[in-house]
Amino acid sequence: MENKLFDAFEKVSSKQWKQKIQYELKGADYNDTLVWESLEGIKVKPFYHRDEVQTKPSASGNAKPFTILQNIFVHDVSKSNKRALETLSRGAESIRFTIENDTASLVELMQNLPKDNTTYFFSLTFLSADFVSKVMHFGTKNYYKFILQLDSIHQLGKDGNWFGNLDKDFQKLNQINGQATTSFITIDSTLYQNAGANMVQQLAYTLAHVNEYFNRIGTLKQSITIQVSVGSNYFFEIAKLRALRILFNTLAKEYNHNLDCIIIATPTKRNKTLYDYNVNLLRTTTECMSAVLGNANYISNLPYDALYHKDNEFGDRIARNQLLILKHESYFDLVSNPADGSYYIEEITQQLAEKSLLLFKDIEANGGLITQLIEGNIQKKIAESAAKEQEWFESGKEVLLGTNKHPNKNDRMKHDLELYPFVKQNPRKTLISPIIEKRLAEKLEQERLAEEK
């Protein structure tokens with residue numbers, strides 16, 4: 001086409017748009033009426049214009065499709081192997097085994113599982129250099145692509161205690177690093193989001209989390225995996241993942257680490273609900289879409305009934321099919337960096353990155369993430385952010401459809417609970433106050449359950 005379609009139209013500046021909008025507002029204040037502020041303190045404008053963008057958005061590159069990741073908790077090795085074979089035959093492209101002890105038989109677990117084009121993650125809830133060495137050796141010998149997920153700092157934040165203690169944990173991690181044949185360090189930042197941290201805090205804490213490993217482990221020659229939770233603020237979540245990759249690569253260069261991070265994304269638990277639980281399907285769908293558009297490498301969906309049902313084939317199949325539809329029917333796998341060219345997303349990405357970097361520098365100036373966790377400052381800041389969001393929820397400013405807006409009073413859930421869906425109380429001695437994950441709807445749901453007949 002020789003003549004461009006829009007050449008016939010006169011260009012309209014951002015100033016002209018604002019003048020037109022102000023006229024249509026009939027005297028109402030532009031900022032008070034149309035500009036809103038997020039939990040992160042970012043003011044969102046009603047439109048974004050090329051005049052106000054400092055750098056032109058980059059063009060898209062080659063397609064890099066996301067990978068559908070299936071989670072499997074290994075309680076019975078034989079059943080876990082059978083389930084892995086079945087889910088791979090039904091559309092899963094990668095498997096993550098969560099292993100709770102060092103007695104699991106790798107030969108039995110991996111029996112007949114495909115080797116080509118399939119990555120297997122091993123998320124360990126314990127820290128054993130011997131078992132890690134065993135897994136790495138098995139993978140190398142049998143030509144599997146393994147990625148291990150070890151995160152002592154997440155263990156400290158979630159449980160309140162190290163696996164052993166600070167020195168012993170990092171001694172083992174350094175030992176593993178000396179013989180590593182595959183990636184083994186994971187930054188599990190899902191805890192921050194699920195506990196109520198805002199996006200600036202999530203990014204800053206994740207970056208400080210990474211920095212602790214760079215500082216405390218000898219030169220890392222393998223890629224680092226970052227696991228993130230994705231919430232319902234659609235465009236902001238896209239920008240969050242983009243900002244995360246920018247921040248990671250900026251920090252990594254300071255340590256001469258030239259490998260890009262591996263991002264695993266999963267929907268948040270924080271906005272999921274017991275009542276009108278089918279709405280969880282809509283929430284997880286848009287959250288997975290944000291993850292795709294934010295360029296996550298692997299996406300593991302959260303079953304709609306994960307709060308109150310034990311692992312079940314139906315819930316897993318529906319969650320997997322959501323990703324299959326996005327990939328093969330909505331063609332989300334055919335475009336790389338699809339958010340490029342959106343001035344709105346570019347602007348939010350930049351603001352999130354800048355604000356997060358400032359907070360990261362403040363954390364480092366005050367001793368780093370581990371010191372801040374031990375002193376309780378991280379827990380305090382997350383609690384403050386969570387309280388603010390909870391206030392928004394209770395006032396109706398933040399809406400969960402079917403829960404605090406348009407609830408179905410006929411819903412009954414008391415007899416469907418296979419799992420306890422609320423914060424569990426477990427008084428015990430810990431080194432630090434753990435970071436507590438809590439959903440927004442918990443108080444309201446407990447009240448409704450108490451009223452059920």
# chains A, B, ... in the order shown; residues from 1 in each chain; ligands from 1

call {"tool": "residues_around", "arguments": {"residues": "segment 401-413 of chain A", "least_positions_apart": "4", "cutoff": "8 Å", "atoms": "only C-alpha atoms", "output": "NGL selection string"}}
result
:A and (273-276 or 279 or 393-394 or 396 or 417 or 441 or 444 or 449 or 452)

call {"tool": "write_last_selection", "arguments": {"atoms": "all heavy atoms", "output": "mmCIF file, in the first residue's frame"}}
result
data_model
loop_
_atom_site.group_PDB
_atom_site.id
_atom_site.type_symbol
_atom_site.label_atom_id
_atom_site.label_comp_id
_atom_site.auth_asym_id
_atom_site.auth_seq_id
_atom_site.Cartn_x
_atom_site.Cartn_y
_atom_site.Cartn_z
ATOM 1 N N THR A 273 -12.171 -16.557 45.654
ATOM 2 C CA THR A 273 -13.287 -16.594 46.587
ATOM 3 C C THR A 273 -13.910 -17.983 46.688
ATOM 4 O O THR A 273 -13.824 -18.792 45.757
ATOM 5 C CB THR A 273 -14.386 -15.602 46.158
ATOM 6 O OG1 THR A 273 -14.825 -15.927 44.822
ATOM 7 C CG2 THR A 273 -13.865 -14.177 46.176
ATOM 8 N N LEU A 274 -14.550 -18.236 47.826
ATOM 9 C CA LEU A 274 -15.318 -19.470 48.016
ATOM 10 C C LEU A 274 -16.681 -19.366 47.355
ATOM 11 O O LEU A 274 -17.111 -20.277 46.647
ATOM 12 C CB LEU A 274 -15.518 -19.737 49.510
ATOM 13 C CG LEU A 274 -14.317 -20.146 50.346
ATOM 14 C CD1 LEU A 274 -14.753 -20.356 51.786
ATOM 15 C CD2 LEU A 274 -13.691 -21.411 49.803
ATOM 16 N N TYR A 275 -17.351 -18.263 47.612
ATOM 17 C CA TYR A 275 -18.697 -18.088 47.088
ATOM 18 C C TYR A 275 -18.648 -17.590 45.644
ATOM 19 O O TYR A 275 -17.761 -16.825 45.272
ATOM 20 C CB TYR A 275 -19.484 -17.107 47.966
ATOM 21 C CG TYR A 275 -19.797 -17.674 49.331
ATOM 22 C CD1 TYR A 275 -18.962 -17.436 50.410
ATOM 23 C CD2 TYR A 275 -20.914 -18.484 49.527
ATOM 24 C CE1 TYR A 275 -19.230 -17.970 51.665
ATOM 25 C CE2 TYR A 275 -21.194 -19.029 50.780
ATOM 26 C CZ TYR A 275 -20.348 -18.764 51.847
ATOM 27 O OH TYR A 275 -20.616 -19.311 53.082
ATOM 28 N N ASP A 276 -19.613 -18.046 44.876
ATOM 29 C CA ASP A 276 -19.632 -17.741 43.438
ATOM 30 C C ASP A 276 -18.272 -18.085 42.832
ATOM 31 O O ASP A 276 -17.662 -17.310 42.106
ATOM 32 C CB ASP A 276 -19.961 -16.259 43.205
ATOM 33 C CG ASP A 276 -20.738 -16.046 41.902
ATOM 34 O OD1 ASP A 276 -20.792 -16.993 41.092
ATOM 35 O OD2 ASP A 276 -21.276 -14.956 41.703
ATOM 36 N N VAL A 279 -16.566 -17.521 39.294
ATOM 37 C CA VAL A 279 -15.952 -16.252 38.888
ATOM 38 C C VAL A 279 -14.424 -16.371 38.926
ATOM 39 O O VAL A 279 -13.716 -15.651 38.220
ATOM 40 C CB VAL A 279 -16.437 -15.089 39.785
ATOM 41 C CG1 VAL A 279 -15.810 -13.758 39.366
ATOM 42 C CG2 VAL A 279 -17.956 -14.965 39.713
ATOM 43 N N PHE A 393 -11.434 -2.979 49.723
ATOM 44 C CA PHE A 393 -12.373 -4.085 49.497
ATOM 45 C C PHE A 393 -13.631 -3.907 50.340
ATOM 46 O O PHE A 393 -14.760 -4.052 49.862
ATOM 47 C CB PHE A 393 -11.692 -5.414 49.825
ATOM 48 C CG PHE A 393 -12.627 -6.596 49.840
ATOM 49 C CD1 PHE A 393 -13.088 -7.151 48.659
ATOM 50 C CD2 PHE A 393 -13.036 -7.156 51.044
ATOM 51 C CE1 PHE A 393 -13.950 -8.244 48.671
ATOM 52 C CE2 PHE A 393 -13.897 -8.238 51.066
ATOM 53 C CZ PHE A 393 -14.353 -8.780 49.872
ATOM 54 N N GLU A 394 -13.447 -3.601 51.617
ATOM 55 C CA GLU A 394 -14.590 -3.491 52.523
ATOM 56 C C GLU A 394 -15.458 -2.275 52.224
ATOM 57 O O GLU A 394 -16.658 -2.277 52.501
ATOM 58 C CB GLU A 394 -14.098 -3.479 53.966
ATOM 59 C CG GLU A 394 -13.505 -4.826 54.380
ATOM 60 C CD GLU A 394 -12.853 -4.807 55.752
ATOM 61 O OE1 GLU A 394 -12.877 -3.727 56.402
ATOM 62 O OE2 GLU A 394 -12.318 -5.852 56.171
ATOM 63 N N GLY A 396 -15.907 -1.232 49.145
ATOM 64 C CA GLY A 396 -16.443 -1.439 47.803
ATOM 65 C C GLY A 396 -15.637 -0.786 46.702
ATOM 66 O O GLY A 396 -15.985 -0.879 45.522
ATOM 67 N N LEU A 417 -16.377 -27.968 51.711
ATOM 68 C CA LEU A 417 -14.994 -27.642 52.066
ATOM 69 C C LEU A 417 -14.185 -28.899 52.384
ATOM 70 O O LEU A 417 -14.371 -29.525 53.423
ATOM 71 C CB LEU A 417 -14.946 -26.685 53.262
ATOM 72 C CG LEU A 417 -15.709 -25.360 53.117
ATOM 73 C CD1 LEU A 417 -15.503 -24.501 54.354
ATOM 74 C CD2 LEU A 417 -15.256 -24.615 51.875
ATOM 75 N N ALA A 441 -11.236 -11.825 50.867
ATOM 76 C CA ALA A 441 -12.626 -12.171 51.194
ATOM 77 C C ALA A 441 -12.758 -13.028 52.447
ATOM 78 O O ALA A 441 -13.873 -13.420 52.802
ATOM 79 C CB ALA A 441 -13.254 -12.902 50.006
ATOM 80 N N LEU A 444 -15.333 -11.884 55.309
ATOM 81 C CA LEU A 444 -16.706 -11.912 54.798
ATOM 82 C C LEU A 444 -17.188 -13.351 54.626
ATOM 83 O O LEU A 444 -18.337 -13.686 54.959
ATOM 84 C CB LEU A 444 -16.766 -11.165 53.469
ATOM 85 C CG LEU A 444 -18.154 -10.896 52.868
ATOM 86 C CD1 LEU A 444 -18.984 -10.037 53.804
ATOM 87 C CD2 LEU A 444 -18.009 -10.201 51.520
ATOM 88 N N LEU A 449 -20.323 -18.250 56.216
ATOM 89 C CA LEU A 449 -20.333 -19.660 56.598
ATOM 90 C C LEU A 449 -20.999 -19.842 57.960
ATOM 91 O O LEU A 449 -21.746 -20.823 58.182
ATOM 92 C CB LEU A 449 -18.904 -20.199 56.652
ATOM 93 C CG LEU A 449 -18.226 -20.504 55.315
ATOM 94 C CD1 LEU A 449 -16.753 -20.795 55.521
ATOM 95 C CD2 LEU A 449 -18.893 -21.684 54.617
ATOM 96 N N GLU A 452 -24.775 -19.917 57.622
ATOM 97 C CA GLU A 452 -25.425 -21.001 56.870
ATOM 98 C C GLU A 452 -26.139 -21.957 57.809
ATOM 99 O O GLU A 452 -25.644 -22.290 58.871
ATOM 100 C CB GLU A 452 -24.377 -21.776 56.045
ATOM 101 C CG GLU A 452 -23.916 -21.037 54.819
ATOM 102 C CD GLU A 452 -23.049 -21.900 53.919
ATOM 103 O OE1 GLU A 452 -23.119 -23.133 54.043
ATOM 104 O OE2 GLU A 452 -22.295 -21.333 53.100
#

call {"tool": "residues_around", "arguments": {"residues": "segment 100-104 of chain A", "least_positions_apart": "5", "cutoff": "10 Å", "atoms": "only C-alpha atoms", "output": "ChimeraX atom specification"}}
result
/A:73-77,109,123-128,130-132,134

call {"tool": "write_last_selection", "arguments": {"atoms": "C-alpha atoms", "output": "mmCIF file, in the first residue's frame"}}
result
data_model
loop_
_atom_site.group_PDB
_atom_site.id
_atom_site.type_symbol
_atom_site.label_atom_id
_atom_site.label_comp_id
_atom_site.auth_asym_id
_atom_site.auth_seq_id
_atom_site.Cartn_x
_atom_site.Cartn_y
_atom_site.Cartn_z
ATOM 1 C CA PHE A 73 2.738 -32.783 44.388
ATOM 2 C CA VAL A 74 4.653 -36.021 44.869
ATOM 3 C CA HIS A 75 3.015 -38.012 47.648
ATOM 4 C CA ASP A 76 2.929 -41.371 45.865
ATOM 5 C CA VAL A 77 5.713 -41.619 43.265
ATOM 6 C CA LEU A 109 9.075 -40.894 39.050
ATOM 7 C CA SER A 123 10.482 -27.736 43.738
ATOM 8 C CA LEU A 124 11.991 -28.984 46.992
ATOM 9 C CA THR A 125 10.471 -28.182 50.394
ATOM 10 C CA PHE A 126 13.749 -29.163 52.074
ATOM 11 C CA LEU A 127 17.419 -28.374 51.472
ATOM 12 C CA SER A 128 19.746 -31.302 50.794
ATOM 13 C CA ASP A 130 23.149 -34.674 48.361
ATOM 14 C CA PHE A 131 19.630 -35.009 46.940
ATOM 15 C CA VAL A 132 20.151 -32.049 44.598
ATOM 16 C CA LYS A 134 21.439 -36.902 42.812
#

call {"tool": "residues_around", "arguments": {"residues": "Leu173 of chain A", "least_positions_apart": "6", "cutoff": "12 Å", "atoms": "only C-alpha atoms", "output": "list in words"}}
result
Leu127, Ser128, Ala129, Asp130, Val132, Ser133, Leu148, Gln149, Leu150, Asp151, Ser152, Ile153, Phe163, Gly164, Leu166, Asp167, Gln179, Ala180, Ser183, Phe184, Ile185, Thr186, Tyr213, Phe214, Arg216, Ile217, Gly218, Thr219 and Leu220 of chain A

call {"tool": "residues_around", "arguments": {"residues": "segment 41-53 of chain A", "least_positions_apart": "3", "cutoff": "7 Å", "atoms": "only C-alpha atoms", "output": "ChimeraX atom specification"}}
result
/A:13-14,34-38,56,343-344

call {"tool": "closest_atom_pairs", "arguments": {"of": "segment 213-293 of chain A", "to": "segment 351-371 of chain A", "cutoff": "8 Å", "atoms": "only C-alpha atoms", "output": "CSV"}}
result
residue,atom,partner,partner_atom,distance
A:Ala239,CA,A:Leu352,CA,7.7
A:Lys240,CA,A:Leu352,CA,6.9
A:Ala243,CA,A:Ala353,CA,5.3
A:Leu244,CA,A:Ala353,CA,7.5
A:Ile246,CA,A:Ala353,CA,7.7
A:Leu247,CA,A:Ala353,CA,6.7

call {"tool": "write_last_selection", "arguments": {"atoms": "N, CA and C atoms", "output": "CSV table (one decimal), in the first residue's frame"}}
result
chain,number,residue,atom,x,y,z
A,239,ALA,N,2.6,-4.7,32.9
A,239,ALA,CA,3.7,-3.8,33.2
A,239,ALA,C,4.6,-4.3,34.3
A,240,LYS,N,4.1,-4.9,35.3
A,240,LYS,CA,4.9,-5.4,36.4
A,240,LYS,C,5.9,-6.5,35.9
A,243,ALA,N,8.6,-4.8,33.9
A,243,ALA,CA,9.5,-4.1,34.8
A,243,ALA,C,10.4,-5.0,35.5
A,244,LEU,N,9.9,-6.2,35.9
A,244,LEU,CA,10.7,-7.2,36.6
A,244,LEU,C,11.9,-7.6,35.8
A,246,ILE,N,13.3,-6.0,33.3
A,246,ILE,CA,14.2,-4.9,33.1
A,246,ILE,C,15.1,-4.7,34.4
A,247,LEU,N,14.4,-4.8,35.6
A,247,LEU,CA,15.1,-4.6,36.8
A,247,LEU,C,16.1,-5.7,37.1

call {"tool": "select_by_dssp", "arguments": {"residues": "segment 127-282 of chain A", "states": "alpha helix (DSSP H)", "output": "PyMOL selection string"}}
result
chain A and resi 129-141+152-159+166-179+190-195+199-216+234-254+279-282

call {"tool": "write_last_selection", "arguments": {"atoms": "C-alpha atoms", "output": "PDB file, in the first residue's frame"}}
result
ATOM      1  CA  ALA A 129      22.920 -30.887  48.754  1.00  0.00           C
ATOM      2  CA  ASP A 130      23.149 -34.674  48.361  1.00  0.00           C
ATOM      3  CA  PHE A 131      19.630 -35.009  46.940  1.00  0.00           C
ATOM      4  CA  VAL A 132      20.151 -32.049  44.598  1.00  0.00           C
ATOM      5  CA  SER A 133      23.367 -33.668  43.351  1.00  0.00           C
ATOM      6  CA  LYS A 134      21.439 -36.902  42.812  1.00  0.00           C
ATOM      7  CA  VAL A 135      18.751 -35.126  40.771  1.00  0.00           C
ATOM      8  CA  MET A 136      21.292 -33.261  38.644  1.00  0.00           C
ATOM      9  CA  HIS A 137      23.300 -36.427  37.980  1.00  0.00           C
ATOM     10  CA  PHE A 138      20.162 -38.349  37.028  1.00  0.00           C
ATOM     11  CA  GLY A 139      19.059 -35.621  34.625  1.00  0.00           C
ATOM     12  CA  THR A 140      22.457 -35.385  32.941  1.00  0.00           C
ATOM     13  CA  LYS A 141      22.879 -39.153  32.671  1.00  0.00           C
ATOM     14  CA  SER A 152      16.034 -20.516  51.534  1.00  0.00           C
ATOM     15  CA  ILE A 153      14.955 -16.874  51.804  1.00  0.00           C
ATOM     16  CA  HIS A 154      11.382 -17.760  50.844  1.00  0.00           C
ATOM     17  CA  GLN A 155      11.522 -20.488  53.496  1.00  0.00           C
ATOM     18  CA  LEU A 156      12.534 -17.865  56.072  1.00  0.00           C
ATOM     19  CA  GLY A 157       9.829 -15.411  55.005  1.00  0.00           C
ATOM     20  CA  LYS A 158       6.999 -17.944  54.838  1.00  0.00           C
ATOM     21  CA  ASP A 159       7.887 -20.232  57.749  1.00  0.00           C
ATOM     22  CA  LEU A 166      21.593 -18.734  57.669  1.00  0.00           C
ATOM     23  CA  ASP A 167      25.176 -20.006  57.565  1.00  0.00           C
ATOM     24  CA  LYS A 168      24.298 -23.664  56.996  1.00  0.00           C
ATOM     25  CA  ASP A 169      21.753 -22.875  54.287  1.00  0.00           C
ATOM     26  CA  PHE A 170      24.149 -20.748  52.276  1.00  0.00           C
ATOM     27  CA  GLN A 171      26.983 -23.211  52.831  1.00  0.00           C
ATOM     28  CA  LYS A 172      24.827 -25.873  51.169  1.00  0.00           C
ATOM     29  CA  LEU A 173      23.761 -23.522  48.356  1.00  0.00           C
ATOM     30  CA  ASN A 174      27.388 -22.660  47.642  1.00  0.00           C
ATOM     31  CA  GLN A 175      28.216 -26.369  47.630  1.00  0.00           C
ATOM     32  CA  ILE A 176      25.420 -26.969  45.107  1.00  0.00           C
ATOM     33  CA  ASN A 177      26.592 -24.032  43.003  1.00  0.00           C
ATOM     34  CA  GLY A 178      30.079 -25.546  42.781  1.00  0.00           C
ATOM     35  CA  GLN A 179      28.741 -28.645  41.040  1.00  0.00           C
ATOM     36  CA  THR A 190       4.484 -15.150  45.239  1.00  0.00           C
ATOM     37  CA  LEU A 191       4.547 -14.746  49.017  1.00  0.00           C
ATOM     38  CA  TYR A 192       4.764 -10.958  48.785  1.00  0.00           C
ATOM     39  CA  GLN A 193       1.787 -10.623  46.447  1.00  0.00           C
ATOM     40  CA  ASN A 194      -0.407 -13.155  48.228  1.00  0.00           C
ATOM     41  CA  ALA A 195       0.252 -11.412  51.552  1.00  0.00           C
ATOM     42  CA  MET A 199       3.399  -3.953  42.995  1.00  0.00           C
ATOM     43  CA  VAL A 200       6.233  -1.572  43.827  1.00  0.00           C
ATOM     44  CA  GLN A 201       6.925  -3.571  46.983  1.00  0.00           C
ATOM     45  CA  GLN A 202       6.691  -6.878  45.101  1.00  0.00           C
ATOM     46  CA  LEU A 203       9.266  -5.737  42.551  1.00  0.00           C
ATOM     47  CA  ALA A 204      11.608  -4.148  45.096  1.00  0.00           C
ATOM     48  CA  TYR A 205      11.486  -7.132  47.467  1.00  0.00           C
ATOM     49  CA  THR A 206      12.031  -9.524  44.564  1.00  0.00           C
ATOM     50  CA  LEU A 207      15.046  -7.518  43.403  1.00  0.00           C
ATOM     51  CA  ALA A 208      16.452  -7.420  46.956  1.00  0.00           C
ATOM     52  CA  HIS A 209      15.755 -11.165  47.184  1.00  0.00           C
ATOM     53  CA  VAL A 210      17.835 -11.725  44.037  1.00  0.00           C
ATOM     54  CA  ASN A 211      20.582  -9.479  45.350  1.00  0.00           C
ATOM     55  CA  GLU A 212      20.974 -11.568  48.510  1.00  0.00           C
ATOM     56  CA  TYR A 213      21.814 -14.613  46.385  1.00  0.00           C
ATOM     57  CA  PHE A 214      24.188 -12.659  44.170  1.00  0.00           C
ATOM     58  CA  ASN A 215      25.952 -11.394  47.289  1.00  0.00           C
ATOM     59  CA  ARG A 216      26.065 -14.638  49.259  1.00  0.00           C
ATOM     60  CA  TYR A 234      -4.774  -6.324  33.967  1.00  0.00           C
ATOM     61  CA  PHE A 235      -2.529  -3.673  32.415  1.00  0.00           C
ATOM     62  CA  PHE A 236      -0.546  -3.040  35.603  1.00  0.00           C
ATOM     63  CA  GLU A 237       0.282  -6.752  35.863  1.00  0.00           C
ATOM     64  CA  ILE A 238       1.557  -6.755  32.278  1.00  0.00           C
ATOM     65  CA  ALA A 239       3.720  -3.768  33.167  1.00  0.00           C
ATOM     66  CA  LYS A 240       4.877  -5.448  36.413  1.00  0.00           C
ATOM     67  CA  LEU A 241       6.331  -8.443  34.584  1.00  0.00           C
ATOM     68  CA  ARG A 242       7.987  -6.224  31.992  1.00  0.00           C
ATOM     69  CA  ALA A 243       9.474  -4.057  34.755  1.00  0.00           C
ATOM     70  CA  LEU A 244      10.664  -7.173  36.607  1.00  0.00           C
ATOM     71  CA  ARG A 245      12.718  -8.348  33.640  1.00  0.00           C
ATOM     72  CA  ILE A 246      14.209  -4.871  33.136  1.00  0.00           C
ATOM     73  CA  LEU A 247      15.144  -4.598  36.817  1.00  0.00           C
ATOM     74  CA  PHE A 248      16.603  -8.096  36.972  1.00  0.00           C
ATOM     75  CA  ASN A 249      18.806  -7.572  33.926  1.00  0.00           C
ATOM     76  CA  THR A 250      19.977  -4.205  35.267  1.00  0.00           C
ATOM     77  CA  LEU A 251      21.007  -5.794  38.575  1.00  0.00           C
ATOM     78  CA  ALA A 252      22.486  -8.915  36.986  1.00  0.00           C
ATOM     79  CA  LYS A 253      24.864  -6.862  34.845  1.00  0.00           C
ATOM     80  CA  GLU A 254      26.420  -5.479  38.024  1.00  0.00           C
ATOM     81  CA  VAL A 279     -15.952 -16.252  38.888  1.00  0.00           C
ATOM     82  CA  ASN A 280     -12.476 -17.548  39.762  1.00  0.00           C
ATOM     83  CA  LEU A 281     -12.373 -18.894  36.202  1.00  0.00           C
ATOM     84  CA  LEU A 282     -12.736 -15.359  34.839  1.00  0.00           C
TER      85      LEU A 282
END

call {"tool": "residues_around", "arguments": {"residues": "Thr67 of chain A", "least_positions_apart": "2", "cutoff": "9 Å", "atoms": "only C-alpha atoms", "output": "ChimeraX atom specification"}}
result
/A:65,69,92-94,296-300

call {"tool": "write_last_selection", "arguments": {"atoms": "all heavy atoms", "output": "PDB file, in the first residue's frame"}}
result
ATOM      1  N   PRO A  65       6.709 -18.364  22.327  1.00  0.00           N
ATOM      2  CA  PRO A  65       5.497 -18.822  22.998  1.00  0.00           C
ATOM      3  C   PRO A  65       5.734 -19.240  24.440  1.00  0.00           C
ATOM      4  O   PRO A  65       6.793 -19.770  24.782  1.00  0.00           O
ATOM      5  CB  PRO A  65       5.045 -20.016  22.146  1.00  0.00           C
ATOM      6  CG  PRO A  65       6.216 -20.396  21.323  1.00  0.00           C
ATOM      7  CD  PRO A  65       7.069 -19.191  21.180  1.00  0.00           C
ATOM      8  N   LEU A  69       2.660 -25.042  32.207  1.00  0.00           N
ATOM      9  CA  LEU A  69       3.309 -25.788  33.291  1.00  0.00           C
ATOM     10  C   LEU A  69       2.264 -26.425  34.201  1.00  0.00           C
ATOM     11  O   LEU A  69       1.336 -25.752  34.660  1.00  0.00           O
ATOM     12  CB  LEU A  69       4.202 -24.845  34.106  1.00  0.00           C
ATOM     13  CG  LEU A  69       4.918 -25.419  35.323  1.00  0.00           C
ATOM     14  CD1 LEU A  69       5.903 -26.501  34.918  1.00  0.00           C
ATOM     15  CD2 LEU A  69       5.643 -24.305  36.083  1.00  0.00           C
ATOM     16  N   ALA A  92      -0.436 -30.379  28.679  1.00  0.00           N
ATOM     17  CA  ALA A  92       0.643 -29.774  29.477  1.00  0.00           C
ATOM     18  C   ALA A  92       1.955 -29.921  28.718  1.00  0.00           C
ATOM     19  O   ALA A  92       2.169 -30.905  28.008  1.00  0.00           O
ATOM     20  CB  ALA A  92       0.736 -30.438  30.844  1.00  0.00           C
ATOM     21  N   GLU A  93       2.827 -28.931  28.848  1.00  0.00           N
ATOM     22  CA  GLU A  93       4.089 -28.929  28.109  1.00  0.00           C
ATOM     23  C   GLU A  93       5.309 -29.030  29.011  1.00  0.00           C
ATOM     24  O   GLU A  93       6.425 -29.234  28.538  1.00  0.00           O
ATOM     25  CB  GLU A  93       4.175 -27.650  27.262  1.00  0.00           C
ATOM     26  CG  GLU A  93       3.056 -27.553  26.235  1.00  0.00           C
ATOM     27  CD  GLU A  93       2.899 -26.159  25.650  1.00  0.00           C
ATOM     28  OE1 GLU A  93       3.097 -25.175  26.400  1.00  0.00           O
ATOM     29  OE2 GLU A  93       2.587 -26.057  24.461  1.00  0.00           O
ATOM     30  N   SER A  94       5.082 -28.854  30.292  1.00  0.00           N
ATOM     31  CA  SER A  94       6.162 -28.934  31.277  1.00  0.00           C
ATOM     32  C   SER A  94       5.556 -29.382  32.599  1.00  0.00           C
ATOM     33  O   SER A  94       4.365 -29.154  32.848  1.00  0.00           O
ATOM     34  CB  SER A  94       6.843 -27.572  31.420  1.00  0.00           C
ATOM     35  OG  SER A  94       7.960 -27.644  32.276  1.00  0.00           O
ATOM     36  N   ALA A 296       5.909 -13.844  30.403  1.00  0.00           N
ATOM     37  CA  ALA A 296       6.323 -14.929  31.292  1.00  0.00           C
ATOM     38  C   ALA A 296       6.753 -16.117  30.442  1.00  0.00           C
ATOM     39  O   ALA A 296       6.178 -16.382  29.390  1.00  0.00           O
ATOM     40  CB  ALA A 296       5.178 -15.330  32.222  1.00  0.00           C
ATOM     41  N   ASN A 297       7.762 -16.843  30.906  1.00  0.00           N
ATOM     42  CA  ASN A 297       8.243 -18.009  30.159  1.00  0.00           C
ATOM     43  C   ASN A 297       7.366 -19.235  30.368  1.00  0.00           C
ATOM     44  O   ASN A 297       7.094 -19.988  29.429  1.00  0.00           O
ATOM     45  CB  ASN A 297       9.675 -18.349  30.577  1.00  0.00           C
ATOM     46  CG  ASN A 297      10.629 -17.192  30.363  1.00  0.00           C
ATOM     47  OD1 ASN A 297      10.939 -16.479  31.308  1.00  0.00           O
ATOM     48  ND2 ASN A 297      11.086 -16.979  29.147  1.00  0.00           N
ATOM     49  N   TYR A 298       6.955 -19.440  31.609  1.00  0.00           N
ATOM     50  CA  TYR A 298       6.093 -20.565  31.968  1.00  0.00           C
ATOM     51  C   TYR A 298       4.886 -20.025  32.719  1.00  0.00           C
ATOM     52  O   TYR A 298       5.008 -19.102  33.523  1.00  0.00           O
ATOM     53  CB  TYR A 298       6.834 -21.565  32.861  1.00  0.00           C
ATOM     54  CG  TYR A 298       7.994 -22.264  32.197  1.00  0.00           C
ATOM     55  CD1 TYR A 298       9.250 -21.660  32.126  1.00  0.00           C
ATOM     56  CD2 TYR A 298       7.846 -23.536  31.643  1.00  0.00           C
ATOM     57  CE1 TYR A 298      10.322 -22.297  31.520  1.00  0.00           C
ATOM     58  CE2 TYR A 298       8.922 -24.180  31.032  1.00  0.00           C
ATOM     59  CZ  TYR A 298      10.145 -23.553  30.969  1.00  0.00           C
ATOM     60  OH  TYR A 298      11.201 -24.189  30.359  1.00  0.00           O
ATOM     61  N   ILE A 299       3.719 -20.632  32.458  1.00  0.00           N
ATOM     62  CA  ILE A 299       2.511 -20.229  33.182  1.00  0.00           C
ATOM     63  C   ILE A 299       1.855 -21.467  33.769  1.00  0.00           C
ATOM     64  O   ILE A 299       1.577 -22.441  33.066  1.00  0.00           O
ATOM     65  CB  ILE A 299       1.522 -19.477  32.272  1.00  0.00           C
ATOM     66  CG1 ILE A 299       2.188 -18.222  31.703  1.00  0.00           C
ATOM     67  CG2 ILE A 299       0.260 -19.106  33.059  1.00  0.00           C
ATOM     68  CD1 ILE A 299       1.323 -17.427  30.761  1.00  0.00           C
ATOM     69  N   SER A 300       1.631 -21.408  35.071  1.00  0.00           N
ATOM     70  CA  SER A 300       0.953 -22.484  35.779  1.00  0.00           C
ATOM     71  C   SER A 300      -0.360 -21.922  36.317  1.00  0.00           C
ATOM     72  O   SER A 300      -0.356 -21.065  37.199  1.00  0.00           O
ATOM     73  CB  SER A 300       1.832 -22.987  36.931  1.00  0.00           C
ATOM     74  OG  SER A 300       1.142 -23.901  37.731  1.00  0.00           O
TER      75      SER A 300
END

call {"tool": "closest_residue", "arguments": {"among": "A:Leu373, A:Val292, A:Ile226, A:Ile95", "to": "Ile264 of chain A", "atoms": "only C-alpha atoms"}}
result
A:Ile226

call {"tool": "atom_distance", "arguments": {"atom1": "atom CA of Ser189 of chain A", "atom2": "atom CA of Gln227 of chain A"}}
result
5.8 Å

call {"tool": "atom_distance", "arguments": {"atom1": "atom CA of Gly160 of chain A", "atom2": "atom CA of Leu431 of chain A"}}
result
5.7 Å

call {"tool": "atom_distance", "arguments": {"atom1": "atom CA of Glu398 of chain A", "atom2": "atom CA of Ala386 of chain A"}}
result
12.5 Å
